[in-house]
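Next comes final.txt, with compact mmCIF, C-alpha atoms.
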```
# COMPACT_ATOMS: atom_id res chain seq x y z
CA MET R 1 79.87 135.19 190.52
CA ASP R 2 79.85 135.67 186.78
CA TYR R 3 76.69 135.79 184.71
CA ILE R 4 77.18 132.38 183.15
CA ASP R 5 77.25 130.72 186.58
CA LEU R 6 74.33 132.84 187.77
CA LEU R 7 72.17 131.96 184.77
CA THR R 8 73.08 128.29 185.01
CA LYS R 9 72.27 128.15 188.73
CA CYS R 10 68.96 129.96 188.23
CA LEU R 11 67.96 127.52 185.53
CA LEU R 12 69.13 124.61 187.68
CA ILE R 13 66.89 125.78 190.56
CA MET R 14 63.95 125.94 188.18
CA HIS R 15 64.84 122.47 186.91
CA GLU R 16 65.01 121.08 190.45
CA ASN R 17 61.68 122.74 191.17
CA GLY R 18 60.21 120.37 188.58
CA ASP R 19 56.76 121.07 187.19
CA LYS R 20 56.03 123.71 189.82
CA ASN R 21 55.87 127.35 188.83
CA ILE R 22 58.34 129.86 190.22
CA ASP R 23 57.82 133.58 190.66
CA THR R 24 60.30 136.44 190.49
CA SER R 25 60.25 137.08 194.24
CA THR R 26 61.27 133.44 194.95
CA LEU R 27 64.10 133.72 192.47
CA ARG R 28 65.10 137.10 193.91
CA ASN R 29 65.23 135.67 197.44
CA LYS R 30 67.31 132.62 196.44
CA PHE R 31 69.96 134.71 194.63
CA GLY R 32 69.87 137.94 196.57
CA PHE R 33 68.82 140.17 193.71
CA SER R 34 68.31 143.71 194.94
CA ASN R 35 64.92 144.02 193.23
CA ASN R 36 62.48 142.10 191.08
CA ASP R 37 63.77 143.81 187.92
CA GLU R 38 67.00 141.79 187.99
CA ALA R 39 65.07 138.55 188.48
CA ILE R 40 62.69 139.51 185.66
CA GLU R 41 65.67 140.29 183.42
CA VAL R 42 67.09 136.81 184.07
CA LEU R 43 63.72 135.14 183.45
CA GLU R 44 63.19 137.11 180.23
CA LYS R 45 66.64 135.99 179.05
CA PHE R 46 65.56 132.40 179.67
CA ALA R 47 62.27 133.03 177.85
CA LYS R 48 64.13 134.56 174.89
CA ASP R 49 66.36 131.48 174.74
CA GLY R 50 63.25 129.27 174.97
CA TYR R 51 64.10 127.70 178.32
CA VAL R 52 61.17 129.00 180.39
CA ILE R 53 57.52 129.78 179.76
CA LYS R 54 55.63 132.69 181.29
CA TYR R 55 52.02 132.09 182.16
CA GLY R 56 49.97 134.96 180.77
CA SER R 57 50.40 138.32 182.45
CA SER R 58 51.09 136.69 185.82
CA ASP R 59 54.42 136.61 187.57
CA ARG R 60 54.65 132.81 187.29
CA TRP R 61 57.30 131.04 185.23
CA GLN R 62 57.98 127.38 184.48
CA ILE R 63 60.94 125.66 182.89
CA SER R 64 60.28 124.21 179.43
CA ILE R 65 61.40 120.90 177.97
CA ASP R 66 64.22 122.73 176.16
CA GLY R 67 65.26 124.25 179.47
CA ARG R 68 65.38 120.85 181.15
CA LEU R 69 67.46 119.41 178.32
CA PHE R 70 69.73 122.45 178.39
CA VAL R 71 70.40 121.93 182.11
CA GLU R 72 70.94 118.19 181.61
CA TYR R 73 73.55 118.90 178.93
CA GLY R 74 75.54 121.33 181.06
CA GLY R 75 73.80 124.68 180.81
CA TYR R 76 75.39 127.92 179.69
CA ARG R 77 78.92 126.89 180.75
CA GLN R 78 78.80 123.80 178.52
CA HIS R 79 77.15 125.84 175.76
CA LYS R 80 80.06 128.30 175.85
CA ALA R 81 82.59 125.43 175.87
CA ASP R 82 80.84 123.89 172.85
CA GLN R 83 80.95 127.22 171.03
CA ASP R 84 84.67 127.58 171.80
CA LEU R 85 85.31 124.05 170.57
CA ASN R 86 83.33 124.71 167.39
CA ARG R 87 85.30 127.93 166.85
CA GLU R 88 88.61 126.05 167.23
CA TYR R 89 87.39 123.35 164.85
CA GLN R 90 86.31 125.99 162.31
CA LEU R 91 89.68 127.75 162.54
CA GLY R 92 91.41 124.41 161.97
CA GLU R 93 89.20 123.71 158.97
CA ASN R 94 89.88 127.17 157.54
CA LYS R 95 93.63 126.65 157.96
CA ARG R 96 93.44 123.21 156.33
CA ALA R 97 91.42 124.61 153.42
CA PHE R 98 93.89 127.47 152.96
CA GLU R 99 96.85 125.06 152.95
CA SER R 100 95.02 122.74 150.58
CA ASN R 101 94.27 125.63 148.20
CA ALA R 102 97.92 126.72 148.31
CA TYR R 103 99.03 123.14 147.54
CA HIS R 104 96.58 122.84 144.64
CA THR R 105 97.67 126.21 143.24
CA LYS R 106 101.30 125.10 143.37
CA GLN R 107 100.44 121.79 141.70
CA GLY R 108 98.40 123.62 139.05
CA ASP R 109 101.36 125.88 138.25
CA LYS R 110 103.64 122.84 137.86
CA LEU R 111 101.10 121.13 135.61
CA ASN R 112 100.79 124.24 133.44
CA ARG R 113 104.58 124.42 133.08
CA LEU R 114 104.70 120.73 132.12
CA THR R 115 101.90 121.22 129.58
CA SER R 116 103.81 124.14 128.05
CA TRP R 117 106.93 121.98 127.62
CA VAL R 118 104.89 119.15 126.08
CA ALA R 119 103.26 121.62 123.67
CA PHE R 120 106.67 123.04 122.73
CA GLY R 121 108.06 119.53 122.14
CA THR R 122 105.03 118.58 120.06
CA THR R 123 105.47 121.72 117.94
CA VAL R 124 109.16 120.94 117.34
CA ALA R 125 108.29 117.33 116.41
CA ALA R 126 105.52 118.50 114.08
CA VAL R 127 107.90 120.87 112.26
CA TYR R 128 110.58 118.18 111.98
CA TYR R 129 108.19 115.56 110.57
CA PHE R 130 106.59 118.12 108.26
CA LEU R 131 110.03 118.85 106.80
CA GLU R 132 110.69 115.11 106.43
CA VAL R 133 107.43 114.69 104.47
CA VAL R 134 108.32 117.68 102.29
CA LYS R 135 111.78 116.12 101.67
CA LEU R 136 110.12 112.86 100.66
CA PHE R 137 107.78 114.45 98.11
CA PHE R 138 109.99 117.36 96.96
CA PRO R 139 113.60 116.21 97.11
CA CYS R 140 114.67 119.01 94.75
CA LEU R 141 114.01 121.59 97.49
CA PHE R 142 116.65 120.01 99.68
CA PRO R 143 119.77 119.24 97.67
CA LYS R 144 122.11 116.61 99.06
CA THR R 145 125.54 117.80 99.86
```

Once you've parsed the file, please lay out its structure as structure tokens.
Amino acid sequence: MDYIDLLTKCLLIMHENGDKNIDTSTLRNKFGFSNNDEAIEVLEKFAKDGYVIKYGSSDRWQISIDGRLFVEYGGYRQHKADQDLNREYQLGENKRAFESNAYHTKQGDKLNRLTSWVAFGTTVAAVYYFLEVVKLFFPCLFPKT
């Protein structure tokens, strides 16, 4: 049995136990832990995750509201599946953003090239029309052949 199944089943037993407290020896007996230290380790993991509450310095534990909801929504197995799904979604989003950035960079380069050609054409037109105005006001500078 892997740890995800073990943790989920332990939490499920506590959930089925309802509002009653459970101690480490009961948990040890149900799962065949070799000693109380393994059961305590599991319960402390649940406490760290916020799924169980320890009553003072006693050996009594009770599942919390968060623990009940966690079991109802699939436990650690579903939590891992959700994380995997989120990771896949994030990778897809990163790929889409990278492709979008590449597309926008390519479009920006094309727009810069077009702007350069428009600026060149405008410069040529400005020179041409400047010479036409000079011809109009100073015809002696441009003799007719």

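For Arg60 of chain R, the non-local neighbours within 6 Å, defined as residues at least 3 positions apart in the same chain or in other chains and counting only C-alpha atoms, are Asn21, Ile22, Asp23 and Tyr55 of chain R.
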
### Message
One number please: atom CA of Thr24 of chain R to atom CA of Gly75 of chain R, in Å, one decimal.
### Response
20.4 Å

### Message
Taking 2 positions as the minimum chain separation for residues in the same chain, which residues sit within 12 Å of Leu6 of chain R when counting only C-alpha atoms? Answer as number ranges by chain.
### Response
R: 1-4, 8-13, 27-28, 30-33, 38-39, 42-43, 46, 75-77

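In this comparison, which uses all atoms listed in the file, the residue of R:Lys80, R:Tyr89, R:Phe98, R:Ser34 approaching Asp5 of chain R most closely is R:Lys80.
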
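Note that atom CA of Gln62 of chain R and atom CA of Met14 of chain R are 7.2 Å apart.
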
### Task
For Asp66 of chain R, work out the shell of residues within 12 Å, counting all atoms listed in the file and skipping chain neighbours fewer than 3 positions away, then give it as a ChimeraX atom specification.
/R:11,15,46-53,62-63,69-73,75
